[in-house]
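Student: Contents are mmCIF, C-alpha atoms; file name target.cif:
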```cif
data_data
loop_
_atom_site.label_atom_id
_atom_site.label_comp_id
_atom_site.auth_asym_id
_atom_site.auth_seq_id
_atom_site.Cartn_x
_atom_site.Cartn_y
_atom_site.Cartn_z
CA MET B 18 -9.19 -22.79 11.68
CA GLU B 19 -12.73 -23.44 10.56
CA MET B 20 -13.00 -25.97 7.70
CA ILE B 21 -15.82 -25.40 5.21
CA ILE B 22 -17.06 -27.30 2.18
CA TYR B 23 -17.51 -24.56 -0.37
CA ASN B 24 -20.99 -23.47 -1.37
CA LYS B 25 -21.01 -20.65 -3.91
CA ASN B 26 -24.37 -19.48 -2.57
CA GLN B 27 -22.53 -18.52 0.62
CA VAL B 28 -19.73 -16.61 -1.11
CA ASN B 29 -20.82 -13.20 0.21
CA GLU B 30 -20.56 -14.50 3.75
CA LEU B 31 -17.27 -16.29 3.15
CA ILE B 32 -15.45 -13.33 1.64
CA LYS B 33 -16.05 -11.21 4.72
CA ARG B 34 -12.99 -10.50 6.77
CA SER B 35 -12.00 -8.11 9.50
CA GLN B 36 -12.26 -4.58 8.25
CA SER B 37 -11.56 -1.45 10.21
CA ASP B 38 -14.86 0.39 10.52
CA VAL B 39 -13.50 3.93 10.53
CA ASN B 40 -16.95 5.32 11.29
CA GLN B 41 -16.49 4.36 14.94
CA VAL B 42 -13.48 6.70 15.28
CA LEU B 43 -14.41 9.49 12.86
CA LYS B 44 -15.46 11.93 15.60
CA THR B 45 -12.24 11.40 17.55
CA VAL B 46 -10.06 11.68 14.46
CA THR B 47 -11.90 14.75 13.16
CA ASP B 48 -11.23 16.47 16.48
CA ILE B 49 -7.54 15.54 16.31
CA ILE B 50 -7.23 16.89 12.77
CA ASN B 51 -8.96 20.15 13.66
CA ASP B 52 -6.79 20.57 16.76
CA VAL B 53 -3.60 20.05 14.72
CA LYS B 54 -4.77 22.48 12.03
CA GLU B 55 -5.24 25.11 14.72
CA GLY B 56 -2.63 24.26 17.35
CA LYS B 57 0.08 22.93 15.02
CA ASP B 58 3.26 21.84 16.87
CA GLU B 59 1.74 22.18 20.34
CA ALA B 60 -1.27 20.07 19.39
CA VAL B 61 0.98 17.40 17.85
CA LYS B 62 3.12 17.28 20.99
CA SER B 63 0.06 17.13 23.21
CA TYR B 64 -1.43 14.17 21.34
CA THR B 65 1.96 12.43 21.27
CA GLU B 66 2.13 12.73 25.05
CA LYS B 67 -1.46 11.49 25.37
CA PHE B 68 -1.24 8.49 23.03
CA ASP B 69 2.46 7.55 23.12
CA GLY B 70 3.17 8.46 26.72
CA VAL B 71 6.10 10.76 26.02
CA LEU B 72 6.62 14.51 25.73
CA VAL B 73 8.75 15.19 22.64
CA GLU B 74 10.44 18.59 22.62
CA ASP B 75 11.95 18.40 19.14
CA LEU B 76 9.70 16.69 16.60
CA LYS B 77 12.34 16.51 13.88
CA VAL B 78 15.10 13.88 14.03
CA THR B 79 18.60 15.36 13.92
CA GLU B 80 21.59 14.28 11.86
CA LYS B 81 23.35 13.35 15.10
CA GLU B 82 20.56 10.91 15.98
CA ILE B 83 20.90 9.26 12.57
CA GLU B 84 24.68 8.98 12.96
CA GLU B 85 24.25 7.36 16.39
CA ALA B 86 21.73 4.91 14.94
CA TYR B 87 24.30 3.68 12.40
CA LYS B 88 26.85 3.15 15.18
CA ASN B 89 24.39 1.17 17.28
CA LEU B 90 22.82 -0.98 14.59
CA ASP B 91 23.78 -4.65 14.30
CA LYS B 92 26.00 -5.20 11.24
CA LYS B 93 23.94 -8.15 9.95
CA LEU B 94 20.74 -6.12 10.09
CA LEU B 95 22.44 -3.20 8.33
CA ASP B 96 23.65 -5.53 5.57
CA SER B 97 20.14 -6.97 5.21
CA LEU B 98 18.56 -3.53 4.95
CA GLU B 99 21.12 -2.50 2.33
CA SER B 100 20.45 -5.67 0.32
CA ALA B 101 16.68 -5.20 0.54
CA ALA B 102 17.01 -1.54 -0.48
CA SER B 103 19.06 -2.53 -3.52
CA ASN B 104 16.45 -5.06 -4.68
CA ILE B 105 13.56 -2.66 -4.09
CA GLU B 106 15.37 0.05 -6.03
CA LYS B 107 16.05 -2.29 -8.95
CA PHE B 108 12.44 -3.50 -9.15
CA HIS B 109 10.85 -0.07 -8.84
CA THR B 110 13.22 1.55 -11.35
CA ALA B 111 11.77 -0.83 -13.95
CA GLN B 112 8.31 0.62 -13.27
CA ILE B 113 9.12 4.12 -14.51
CA PRO B 114 6.93 4.88 -17.56
CA LYS B 115 8.23 6.88 -20.52
CA ASP B 116 7.01 10.04 -22.23
CA TRP B 117 5.32 9.32 -25.54
CA MET B 118 3.85 11.19 -28.50
CA MET B 119 1.83 9.98 -31.48
CA GLU B 120 0.32 11.42 -34.65
CA VAL B 121 -3.44 11.09 -34.21
CA ARG B 122 -4.16 12.55 -37.65
CA PRO B 123 -1.99 14.54 -40.05
CA GLY B 124 -1.02 17.75 -38.25
CA ILE B 125 -2.42 16.54 -34.91
CA THR B 126 0.13 15.23 -32.42
CA ALA B 127 -0.78 14.16 -28.89
CA GLY B 128 0.93 12.34 -26.08
CA GLN B 129 1.80 12.12 -22.43
CA VAL B 130 4.69 13.38 -20.30
CA ILE B 131 5.78 12.09 -16.90
CA ARG B 132 6.24 14.43 -13.94
CA PRO B 133 6.86 13.62 -10.24
CA ILE B 134 4.76 14.80 -7.34
CA ASN B 135 6.68 17.51 -5.49
CA SER B 136 6.41 16.21 -1.91
CA VAL B 137 5.36 12.98 -0.19
CA GLY B 138 4.82 11.91 3.41
CA CYS B 139 5.44 8.26 4.37
CA TYR B 140 3.69 7.01 7.48
CA ILE B 141 5.46 4.18 9.30
CA PRO B 142 3.45 2.53 12.10
CA GLY B 143 4.76 1.56 15.52
CA GLY B 144 2.73 -0.33 18.09
CA ARG B 145 3.14 -4.11 18.03
CA ALA B 146 6.40 -4.08 16.04
CA ALA B 147 8.94 -1.87 14.28
CA TYR B 148 8.82 -1.75 10.49
CA PRO B 149 12.05 -0.58 8.84
CA SER B 150 10.97 -2.57 5.78
CA SER B 151 7.94 -0.29 5.34
CA ILE B 152 10.23 2.72 5.13
CA LEU B 153 12.15 1.11 2.29
CA MET B 154 8.89 0.23 0.53
CA THR B 155 7.50 3.77 0.66
CA VAL B 156 10.50 6.08 0.45
CA ILE B 157 12.52 4.31 -2.27
CA PRO B 158 9.80 4.32 -4.97
CA ALA B 159 9.09 7.99 -4.25
CA LYS B 160 12.75 8.95 -4.64
CA ILE B 161 13.06 6.85 -7.81
CA ALA B 162 10.06 8.72 -9.21
CA GLY B 163 11.92 11.99 -8.65
CA VAL B 164 9.97 13.35 -5.68
CA LYS B 165 12.04 16.26 -4.36
CA ARG B 166 10.94 16.07 -0.73
CA VAL B 167 10.12 12.78 0.99
CA ILE B 168 9.45 12.78 4.73
CA CYS B 169 8.74 10.03 7.27
CA CYS B 170 6.54 10.16 10.35
CA THR B 171 6.63 7.38 12.93
CA PRO B 172 5.68 7.20 16.64
CA PRO B 173 8.45 7.65 19.23
CA ASN B 174 9.09 5.12 21.98
CA LYS B 175 8.70 5.84 25.69
CA GLU B 176 12.12 7.52 25.71
CA GLY B 177 11.04 9.89 22.95
CA LYS B 178 13.32 8.26 20.39
CA ILE B 179 12.96 6.45 17.08
CA LEU B 180 14.47 2.98 16.95
CA ASP B 181 17.90 2.70 15.31
CA ALA B 182 16.70 0.38 12.52
CA ILE B 183 13.94 2.84 11.56
CA LEU B 184 16.34 5.76 11.34
CA VAL B 185 18.92 3.81 9.36
CA ALA B 186 16.30 2.48 6.94
CA ALA B 187 14.94 5.98 6.38
CA ASP B 188 18.43 7.29 5.69
CA LEU B 189 19.29 4.41 3.37
CA ALA B 190 16.06 4.95 1.46
CA GLY B 191 16.82 8.63 0.96
CA ALA B 192 14.26 10.28 3.27
CA ASP B 193 14.81 14.03 3.47
CA GLU B 194 13.19 14.54 6.89
CA ILE B 195 12.11 12.23 9.74
CA TYR B 196 9.64 13.20 12.47
CA LYS B 197 8.83 11.68 15.87
CA VAL B 198 5.08 11.68 15.50
CA GLY B 199 2.52 8.96 14.87
CA GLY B 200 -1.20 8.36 14.73
CA ALA B 201 -3.89 10.62 13.30
CA GLN B 202 -1.90 13.66 14.48
CA ALA B 203 0.92 12.70 12.09
CA ILE B 204 -1.48 12.47 9.15
CA ALA B 205 -2.98 15.86 10.03
CA ALA B 206 0.47 17.43 10.36
CA MET B 207 1.56 16.09 6.97
CA ALA B 208 -1.66 17.25 5.32
CA TYR B 209 -1.95 20.73 6.81
CA GLY B 210 1.51 21.51 8.14
CA THR B 211 2.83 22.85 11.45
CA GLU B 212 5.58 25.29 12.42
CA THR B 213 8.11 22.45 12.21
CA LEU B 214 6.63 20.21 9.52
CA LYS B 215 5.71 21.63 6.11
CA PRO B 216 2.72 19.97 4.41
CA VAL B 217 3.07 17.39 1.64
CA GLU B 218 1.03 16.60 -1.47
CA LYS B 219 0.55 12.86 -0.94
CA ILE B 220 0.53 10.54 2.09
CA VAL B 221 1.29 6.81 1.83
CA GLY B 222 1.90 3.94 4.21
CA PRO B 223 -0.04 1.55 6.44
CA GLY B 224 -1.48 2.29 9.87
CA ASN B 225 -4.14 1.47 12.44
CA ILE B 226 -7.82 2.44 12.34
CA PHE B 227 -7.07 6.01 13.47
CA VAL B 228 -4.45 6.49 10.76
CA THR B 229 -6.76 4.99 8.13
CA ALA B 230 -9.63 7.27 9.20
CA ALA B 231 -7.33 10.31 9.15
CA LYS B 232 -6.10 9.49 5.65
CA LYS B 233 -9.68 9.24 4.43
CA LEU B 234 -10.57 12.57 6.03
CA VAL B 235 -7.63 14.51 4.58
CA TYR B 236 -8.05 12.96 1.11
CA GLY B 237 -8.71 15.83 -1.26
CA GLU B 238 -6.42 18.15 0.63
CA VAL B 239 -3.71 15.60 -0.21
CA ASP B 240 -3.70 12.41 -2.23
CA ILE B 241 -3.41 8.97 -0.60
CA GLU B 242 -2.55 5.60 -2.14
CA PHE B 243 -5.58 3.59 -0.91
CA PRO B 244 -7.24 2.82 2.41
CA ALA B 245 -5.79 -0.32 4.01
CA GLY B 246 -6.94 -2.59 6.81
CA PRO B 247 -5.60 -5.68 8.60
CA SER B 248 -3.31 -8.08 6.72
CA GLU B 249 -4.69 -10.85 4.51
CA LEU B 250 -3.41 -14.06 2.97
CA LEU B 251 -5.09 -16.58 0.71
CA VAL B 252 -3.24 -19.77 -0.22
CA LEU B 253 -4.61 -21.33 -3.41
CA ALA B 254 -3.30 -24.89 -3.53
CA ASP B 255 -3.99 -28.36 -4.86
CA GLU B 256 -2.79 -31.81 -3.83
CA THR B 257 0.76 -31.06 -5.03
CA ALA B 258 1.31 -28.44 -2.30
CA ASN B 259 3.46 -29.10 0.76
CA PRO B 260 1.19 -28.85 3.85
CA GLU B 261 4.09 -27.86 6.10
CA TYR B 262 4.93 -24.89 3.87
CA VAL B 263 1.27 -23.88 3.70
CA ALA B 264 0.92 -24.08 7.49
CA TYR B 265 3.89 -21.79 8.05
CA ASP B 266 2.65 -19.36 5.39
CA ILE B 267 -0.61 -19.03 7.30
CA LEU B 268 1.17 -18.68 10.65
CA SER B 269 3.42 -15.97 9.21
CA GLN B 270 0.43 -13.87 8.25
CA ALA B 271 -1.61 -14.58 11.39
CA GLU B 272 1.24 -13.35 13.62
CA HIS B 273 0.83 -9.83 12.20
CA ASP B 274 -2.37 -8.98 13.99
CA PRO B 275 -5.30 -10.58 15.85
CA ASN B 276 -7.46 -9.23 13.02
CA ALA B 277 -5.41 -10.71 10.16
CA SER B 278 -7.39 -12.91 7.74
CA CYS B 279 -5.82 -16.20 6.59
CA PHE B 280 -7.44 -18.61 4.12
CA LEU B 281 -6.48 -21.89 2.52
CA VAL B 282 -8.63 -22.65 -0.54
CA THR B 283 -8.13 -26.09 -2.08
CA PRO B 284 -9.92 -28.94 -3.84
CA SER B 285 -7.80 -31.40 -1.82
CA ILE B 286 -9.39 -32.60 1.42
CA ASP B 287 -6.12 -34.39 2.22
CA LEU B 288 -4.14 -31.13 2.02
CA ALA B 289 -6.82 -29.35 4.03
CA GLU B 290 -6.72 -31.86 6.89
CA LYS B 291 -2.92 -32.15 7.04
CA THR B 292 -2.47 -28.37 6.96
CA ASP B 293 -5.12 -27.86 9.64
CA TYR B 294 -3.33 -30.31 11.94
CA LEU B 295 0.08 -28.69 11.37
CA ILE B 296 -1.22 -25.16 11.90
CA TYR B 297 -2.45 -25.98 15.38
CA LYS B 298 0.68 -27.95 16.17
CA TYR B 299 3.03 -25.14 15.15
CA ALA B 300 0.84 -22.39 16.63
CA GLU B 301 1.48 -23.81 20.09
CA GLU B 302 5.23 -23.40 19.61
CA ALA B 303 5.16 -19.96 17.95
CA GLU B 304 6.64 -16.87 19.61
CA ARG B 305 3.50 -14.85 18.88
CA SER B 306 1.22 -17.75 19.74
CA GLU B 307 -1.54 -15.70 21.36
CA ILE B 308 -1.86 -13.33 18.41
CA ILE B 309 -1.81 -16.24 15.94
CA LYS B 310 -4.49 -18.18 17.80
CA GLU B 311 -6.79 -15.19 18.10
CA SER B 312 -6.38 -14.34 14.43
CA LEU B 313 -7.06 -17.89 13.25
CA GLU B 314 -10.01 -18.32 15.59
CA LYS B 315 -11.63 -15.11 14.37
CA TYR B 316 -10.68 -14.96 10.69
CA GLY B 317 -8.96 -18.22 9.70
CA GLN B 318 -10.73 -20.53 7.26
CA ILE B 319 -9.96 -23.61 5.19
CA ILE B 320 -12.34 -23.86 2.25
CA VAL B 321 -12.58 -27.12 0.32
CA THR B 322 -13.90 -26.77 -3.24
CA LYS B 323 -15.06 -29.40 -5.72
CA ASP B 324 -12.21 -28.58 -8.15
CA LEU B 325 -9.43 -26.08 -8.85
CA ASP B 326 -11.58 -23.88 -11.09
CA GLU B 327 -14.03 -23.36 -8.26
CA ALA B 328 -11.11 -22.48 -5.97
CA ILE B 329 -9.87 -19.94 -8.53
CA ASP B 330 -13.34 -18.40 -8.82
CA PHE B 331 -13.50 -17.95 -5.05
CA THR B 332 -10.01 -16.44 -5.01
CA ASN B 333 -11.02 -13.80 -7.55
CA GLU B 334 -14.11 -13.00 -5.50
CA TYR B 335 -12.04 -12.71 -2.32
CA ALA B 336 -9.39 -10.48 -4.00
CA PRO B 337 -6.70 -11.07 -1.34
CA GLU B 338 -3.91 -8.72 -0.36
CA HIS B 339 -1.41 -11.59 -0.59
CA LEU B 340 -1.98 -14.66 -2.77
CA ILE B 341 0.21 -17.77 -2.73
CA ILE B 342 -0.36 -20.17 -5.64
CA THR B 343 0.93 -23.72 -5.23
CA THR B 344 -0.62 -25.94 -7.88
CA GLU B 345 0.48 -28.50 -10.44
CA ASP B 346 0.76 -25.76 -13.08
CA ASP B 347 1.29 -22.43 -11.32
CA GLU B 348 1.57 -20.38 -14.51
CA LYS B 349 -1.71 -21.77 -15.87
CA THR B 350 -3.40 -20.95 -12.58
CA LEU B 351 -1.90 -17.45 -12.56
CA ASN B 352 -3.42 -16.74 -15.98
CA LYS B 353 -6.88 -17.14 -14.43
CA ILE B 354 -6.26 -14.76 -11.53
CA ASN B 355 -7.59 -11.21 -11.93
CA ASN B 356 -7.78 -9.89 -8.37
CA ALA B 357 -4.83 -9.97 -5.97
CA GLY B 358 -2.47 -7.43 -4.45
CA SER B 359 0.77 -9.41 -4.66
CA ILE B 360 1.14 -12.96 -5.99
CA PHE B 361 3.66 -15.62 -4.93
CA LEU B 362 4.13 -18.63 -7.21
CA GLY B 363 5.35 -22.06 -6.19
CA ASN B 364 6.65 -23.91 -3.16
CA TYR B 365 9.64 -21.62 -2.62
CA SER B 366 7.91 -18.22 -2.75
CA PRO B 367 6.68 -17.30 0.75
CA VAL B 368 5.06 -13.93 1.42
CA ALA B 369 8.10 -13.08 3.55
CA ALA B 370 10.10 -12.77 0.32
CA GLY B 371 7.93 -9.88 -0.83
CA ASP B 372 7.65 -8.42 2.65
CA TYR B 373 11.38 -7.99 2.99
CA GLY B 374 13.61 -8.41 0.02
CA SER B 375 12.53 -9.68 -3.41
CA GLY B 376 12.00 -6.07 -4.53
CA THR B 377 8.22 -6.02 -4.88
CA ASN B 378 6.22 -3.70 -2.66
CA HIS B 379 4.42 -4.82 0.49
CA VAL B 380 2.12 -1.80 0.77
CA LEU B 381 -0.97 -3.46 -0.70
CA PRO B 382 -4.76 -3.04 -0.89
CA THR B 383 -6.90 -5.01 1.57
CA GLY B 384 -10.62 -5.58 2.05
CA ARG B 385 -11.18 -6.60 -1.61
CA GLY B 386 -9.40 -3.43 -2.70
CA ALA B 387 -7.35 -5.55 -5.12
CA ARG B 388 -10.40 -5.48 -7.39
CA MET B 389 -9.70 -1.79 -8.02
CA TYR B 390 -6.17 -0.98 -6.84
CA SER B 391 -2.63 -2.17 -7.38
CA GLY B 392 0.04 -2.18 -4.70
CA LEU B 393 2.22 0.85 -4.10
CA SER B 394 4.57 1.48 -7.04
CA THR B 395 6.79 4.12 -8.57
CA GLU B 396 3.84 5.26 -10.68
CA ALA B 397 1.95 6.19 -7.50
CA PHE B 398 4.31 9.17 -7.19
CA LEU B 399 4.03 10.32 -10.79
CA LYS B 400 1.62 12.54 -12.70
CA LYS B 401 0.96 12.09 -16.41
CA PRO B 402 -0.07 15.35 -18.07
CA THR B 403 -1.29 15.02 -21.62
CA VAL B 404 0.20 17.18 -24.38
CA GLN B 405 -1.02 18.10 -27.85
CA THR B 406 0.28 20.24 -30.67
CA LEU B 407 -1.62 21.06 -33.85
CA SER B 408 -0.57 22.66 -37.11
CA LYS B 409 -3.02 24.97 -38.87
CA GLU B 410 -3.77 22.14 -41.27
CA GLY B 411 -4.35 19.82 -38.36
CA LEU B 412 -6.74 22.27 -36.72
CA GLU B 413 -8.59 22.68 -40.03
CA LEU B 414 -9.04 18.92 -40.17
CA LEU B 415 -10.12 18.67 -36.52
CA SER B 416 -12.54 21.60 -36.81
CA LYS B 417 -14.97 19.27 -38.55
CA THR B 418 -15.08 17.32 -35.28
CA ILE B 419 -14.93 20.25 -32.85
CA LEU B 420 -17.48 22.70 -34.29
CA PRO B 421 -20.60 20.49 -34.44
CA ILE B 422 -20.03 19.21 -30.88
CA ALA B 423 -19.30 22.71 -29.47
CA ASP B 424 -22.41 24.04 -31.25
CA TYR B 425 -24.60 21.22 -29.88
CA GLU B 426 -23.33 21.74 -26.32
CA GLY B 427 -23.94 25.50 -26.55
CA PHE B 428 -20.33 26.63 -26.14
CA ALA B 429 -20.01 29.26 -28.85
CA ALA B 430 -16.71 30.61 -27.55
CA HIS B 431 -15.20 27.14 -27.90
CA ALA B 432 -16.17 27.16 -31.55
CA ASP B 433 -14.98 30.74 -32.02
CA SER B 434 -11.54 29.90 -30.58
CA VAL B 435 -11.16 27.51 -33.49
CA LYS B 436 -12.75 29.72 -36.18
CA VAL B 437 -10.60 32.74 -35.34
CA ARG B 438 -7.45 30.72 -35.92
CA LEU B 439 -8.73 29.52 -39.30
CA GLY B 440 -9.85 32.97 -40.48
CA LYS B 441 -13.52 31.94 -40.32
CA LYS B 442 -14.59 34.40 -37.61
#
```
Output the file's structure as structure tokens, nothing else.

Tutor:
Amino acid sequence: MEMIIYNKNQVNELIKRSQSDVNQVLKTVTDIINDVKEGKDEAVKSYTEKFDGVLVEDLKVTEKEIEEAYKNLDKKLLDSLESAASNIEKFHTAQIPKDWMMEVRPGITAGQVIRPINSVGCYIPGGRAAYPSSILMTVIPAKIAGVKRVICCTPPNKEGKILDAILVAADLAGADEIYKVGGAQAIAAMAYGTETLKPVEKIVGPGNIFVTAAKKLVYGEVDIEFPAGPSELLVLADETANPEYVAYDILSQAEHDPNASCFLVTPSIDLAEKTDYLIYKYAEEAERSEIIKESLEKYGQIIVTKDLDEAIDFTNEYAPEHLIITTEDDEKTLNKINNAGSIFLGNYSPVAAGDYGSGTNHVLPTGRGARMYSGLSTEAFLKKPTVQTLSKEGLELLSKTILPIADYEGFAAHADSVKVRLGKK
């Protein structure tokens, strides 16, 4: 990892990280979307054969396949998935907002009601690894929100099947339908529908550059949560941090992807040097050593600041997807953090806890998106229509506000709709 003495004049350069430039694949993805809109099932199958190397006859997973997956799945993994699902359900249930009403003025009552989206599609990537945890993170909050129809799309393997853990996780989470389709063709199918797959109203879940581009292109036809790129971690630490823990935190994020961004930001040169040494030592022994080394060489940095406040300022500028805070007073440091997707406090809170089982969601904004977005939550699947009810007396009172503004803006019928009710027309 590159070690840098922090210079705030270079902050714009330092906060750069790998971002998927969807412009380079827009033409390809636009063609895929248009083909799926027109060719439907046949187009989806054709692209699945082209990109995944398998011809899938039946896109939809059957009940029999799910039953077989349960029989084949290792008992320890099943228990872990059930435990994770329970924690995720508990955490996301607490996020459900409540209806509310208030009296704005005498005779004028206004408020907000909560209603679920009707249908949601959850995209679960394949490729370098299988992600049953991502199914739990996307499907469970949607079902808790009351979404009636939640479907999953994920690429099939070379045998045209979905891995047992993926099917079991989808079933545990409450998915209503599962489809053997990935990539941009899956996003197009969920947005516009095919003979087999009915369209949905919102699409969530991580994916590669083609999936990200497709989500951006279908946005408006459907809603999406936020565009997401390669994984990110920033460790904000002082001299009290354990360098071994920090090193493994960075390795755990770097093993995701050669384009993952991993930062240590600290005022402690001693921590920086010890962590740097341990990272390279442990990287040699790691199972995914090649991926880790490439990631750290391209996007790994250790930034040494003059003090903790300067480190905090940089952290807020960087707005990381994952933020680990290990300082003398973690709570005090947390109070100064404004921009982060998911935050992990203290020596015993690795990102892996949030990735798999603490209950928080691991579908998070990247590329400084944490300045504007929160991670996926139950509220992402809810709508909040406003409601108002006025008595005649309330309308009389409010007419003194409505009529001058309607008159100024030139909307006479707006004014008349009030006057007629008050016998003034």

Student: Translate the PyMOL selection byres ((chain B and resi 335-352) around 8) into a concrete residue list for this structure, as a VMD selection string.

Tutor: chain B and resid 32 248 to 258 329 331 to 334 353 to 354 356 to 364 366 to 368 381 to 388

Student: Based on the selection just made, write C-alpha atoms of those residues as a PDB file, in the frame of the given file.

Tutor:
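Okay, selection_32.pdb is ready:
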```pdb
ATOM      1  CA  ILE B  32     -15.450 -13.330   1.640  1.00  0.00           C
ATOM      2  CA  SER B 248      -3.310  -8.080   6.720  1.00  0.00           C
ATOM      3  CA  GLU B 249      -4.690 -10.850   4.510  1.00  0.00           C
ATOM      4  CA  LEU B 250      -3.410 -14.060   2.970  1.00  0.00           C
ATOM      5  CA  LEU B 251      -5.090 -16.580   0.710  1.00  0.00           C
ATOM      6  CA  VAL B 252      -3.240 -19.770  -0.220  1.00  0.00           C
ATOM      7  CA  LEU B 253      -4.610 -21.330  -3.410  1.00  0.00           C
ATOM      8  CA  ALA B 254      -3.300 -24.890  -3.530  1.00  0.00           C
ATOM      9  CA  ASP B 255      -3.990 -28.360  -4.860  1.00  0.00           C
ATOM     10  CA  GLU B 256      -2.790 -31.810  -3.830  1.00  0.00           C
ATOM     11  CA  THR B 257       0.760 -31.060  -5.030  1.00  0.00           C
ATOM     12  CA  ALA B 258       1.310 -28.440  -2.300  1.00  0.00           C
ATOM     13  CA  ILE B 329      -9.870 -19.940  -8.530  1.00  0.00           C
ATOM     14  CA  PHE B 331     -13.500 -17.950  -5.050  1.00  0.00           C
ATOM     15  CA  THR B 332     -10.010 -16.440  -5.010  1.00  0.00           C
ATOM     16  CA  ASN B 333     -11.020 -13.800  -7.550  1.00  0.00           C
ATOM     17  CA  GLU B 334     -14.110 -13.000  -5.500  1.00  0.00           C
ATOM     18  CA  LYS B 353      -6.880 -17.140 -14.430  1.00  0.00           C
ATOM     19  CA  ILE B 354      -6.260 -14.760 -11.530  1.00  0.00           C
ATOM     20  CA  ASN B 356      -7.780  -9.890  -8.370  1.00  0.00           C
ATOM     21  CA  ALA B 357      -4.830  -9.970  -5.970  1.00  0.00           C
ATOM     22  CA  GLY B 358      -2.470  -7.430  -4.450  1.00  0.00           C
ATOM     23  CA  SER B 359       0.770  -9.410  -4.660  1.00  0.00           C
ATOM     24  CA  ILE B 360       1.140 -12.960  -5.990  1.00  0.00           C
ATOM     25  CA  PHE B 361       3.660 -15.620  -4.930  1.00  0.00           C
ATOM     26  CA  LEU B 362       4.130 -18.630  -7.210  1.00  0.00           C
ATOM     27  CA  GLY B 363       5.350 -22.060  -6.190  1.00  0.00           C
ATOM     28  CA  ASN B 364       6.650 -23.910  -3.160  1.00  0.00           C
ATOM     29  CA  SER B 366       7.910 -18.220  -2.750  1.00  0.00           C
ATOM     30  CA  PRO B 367       6.680 -17.300   0.750  1.00  0.00           C
ATOM     31  CA  VAL B 368       5.060 -13.930   1.420  1.00  0.00           C
ATOM     32  CA  LEU B 381      -0.970  -3.460  -0.700  1.00  0.00           C
ATOM     33  CA  PRO B 382      -4.760  -3.040  -0.890  1.00  0.00           C
ATOM     34  CA  THR B 383      -6.900  -5.010   1.570  1.00  0.00           C
ATOM     35  CA  GLY B 384     -10.620  -5.580   2.050  1.00  0.00           C
ATOM     36  CA  ARG B 385     -11.180  -6.600  -1.610  1.00  0.00           C
ATOM     37  CA  GLY B 386      -9.400  -3.430  -2.700  1.00  0.00           C
ATOM     38  CA  ALA B 387      -7.350  -5.550  -5.120  1.00  0.00           C
ATOM     39  CA  ARG B 388     -10.400  -5.480  -7.390  1.00  0.00           C
TER      40      ARG B 388
END
```

Student: Suppose a student applies the PyMOL selection byres ((chain B and resi 186) around 12) to this structure; what residues should they get, written as a short mmCIF file (atom, residue, chain, number, x, y, z; two decimals) with C-alpha atoms, in the frame of the given file?

Tutor:
```
data_model
loop_
_atom_site.label_atom_id
_atom_site.label_comp_id
_atom_site.auth_asym_id
_atom_site.auth_seq_id
_atom_site.Cartn_x
_atom_site.Cartn_y
_atom_site.Cartn_z
CA ILE B 83 20.90 9.26 12.57
CA ALA B 86 21.73 4.91 14.94
CA TYR B 87 24.30 3.68 12.40
CA LEU B 90 22.82 -0.98 14.59
CA LEU B 94 20.74 -6.12 10.09
CA LEU B 95 22.44 -3.20 8.33
CA ASP B 96 23.65 -5.53 5.57
CA SER B 97 20.14 -6.97 5.21
CA LEU B 98 18.56 -3.53 4.95
CA GLU B 99 21.12 -2.50 2.33
CA SER B 100 20.45 -5.67 0.32
CA ALA B 101 16.68 -5.20 0.54
CA ALA B 102 17.01 -1.54 -0.48
CA SER B 103 19.06 -2.53 -3.52
CA ILE B 141 5.46 4.18 9.30
CA ALA B 147 8.94 -1.87 14.28
CA TYR B 148 8.82 -1.75 10.49
CA PRO B 149 12.05 -0.58 8.84
CA SER B 150 10.97 -2.57 5.78
CA SER B 151 7.94 -0.29 5.34
CA ILE B 152 10.23 2.72 5.13
CA LEU B 153 12.15 1.11 2.29
CA MET B 154 8.89 0.23 0.53
CA THR B 155 7.50 3.77 0.66
CA VAL B 156 10.50 6.08 0.45
CA ILE B 157 12.52 4.31 -2.27
CA CYS B 169 8.74 10.03 7.27
CA ILE B 179 12.96 6.45 17.08
CA LEU B 180 14.47 2.98 16.95
CA ASP B 181 17.90 2.70 15.31
CA ALA B 182 16.70 0.38 12.52
CA ILE B 183 13.94 2.84 11.56
CA LEU B 184 16.34 5.76 11.34
CA VAL B 185 18.92 3.81 9.36
CA ALA B 187 14.94 5.98 6.38
CA ASP B 188 18.43 7.29 5.69
CA LEU B 189 19.29 4.41 3.37
CA ALA B 190 16.06 4.95 1.46
CA GLY B 191 16.82 8.63 0.96
CA ALA B 192 14.26 10.28 3.27
CA ILE B 195 12.11 12.23 9.74
#
```

Student: Running the PyMOL selection byres ((chain B and resi 311-325) around 7) on this model by hand, what would come out? Give it as JSON, numbers by chain.

Tutor: {"B": [18, 19, 20, 21, 22, 23, 34, 271, 274, 275, 276, 277, 278, 279, 280, 281, 282, 283, 284, 285, 286, 289, 307, 308, 309, 310, 326, 327, 328, 329]}

Student: Just give me the gap between CA of Tyr236 in chain B and CA of Pro216 in chain B in Å, one decimal is fine.

Tutor: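 Here the two named atoms are 13.3 Å from each other.
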
Student: Restricting the calculation to only C-alpha atoms, which member of B:Val78, B:Ile226, B:Val42, B:Ile134 is positioned closest to Thr171 in chain B?

Tutor: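 For Thr171 in chain B, the nearest of the given residues is B:Val78.
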
Student: Taking all atoms listed in the file into account, name the residue in B:Ala205, B:Ala162, B:Cys170, B:Val73 that is nearest to Val53 in chain B.

Tutor: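 Among B:Ala205, B:Ala162, B:Cys170, B:Val73, it is B:Ala205 that comes nearest to Val53 in chain B.
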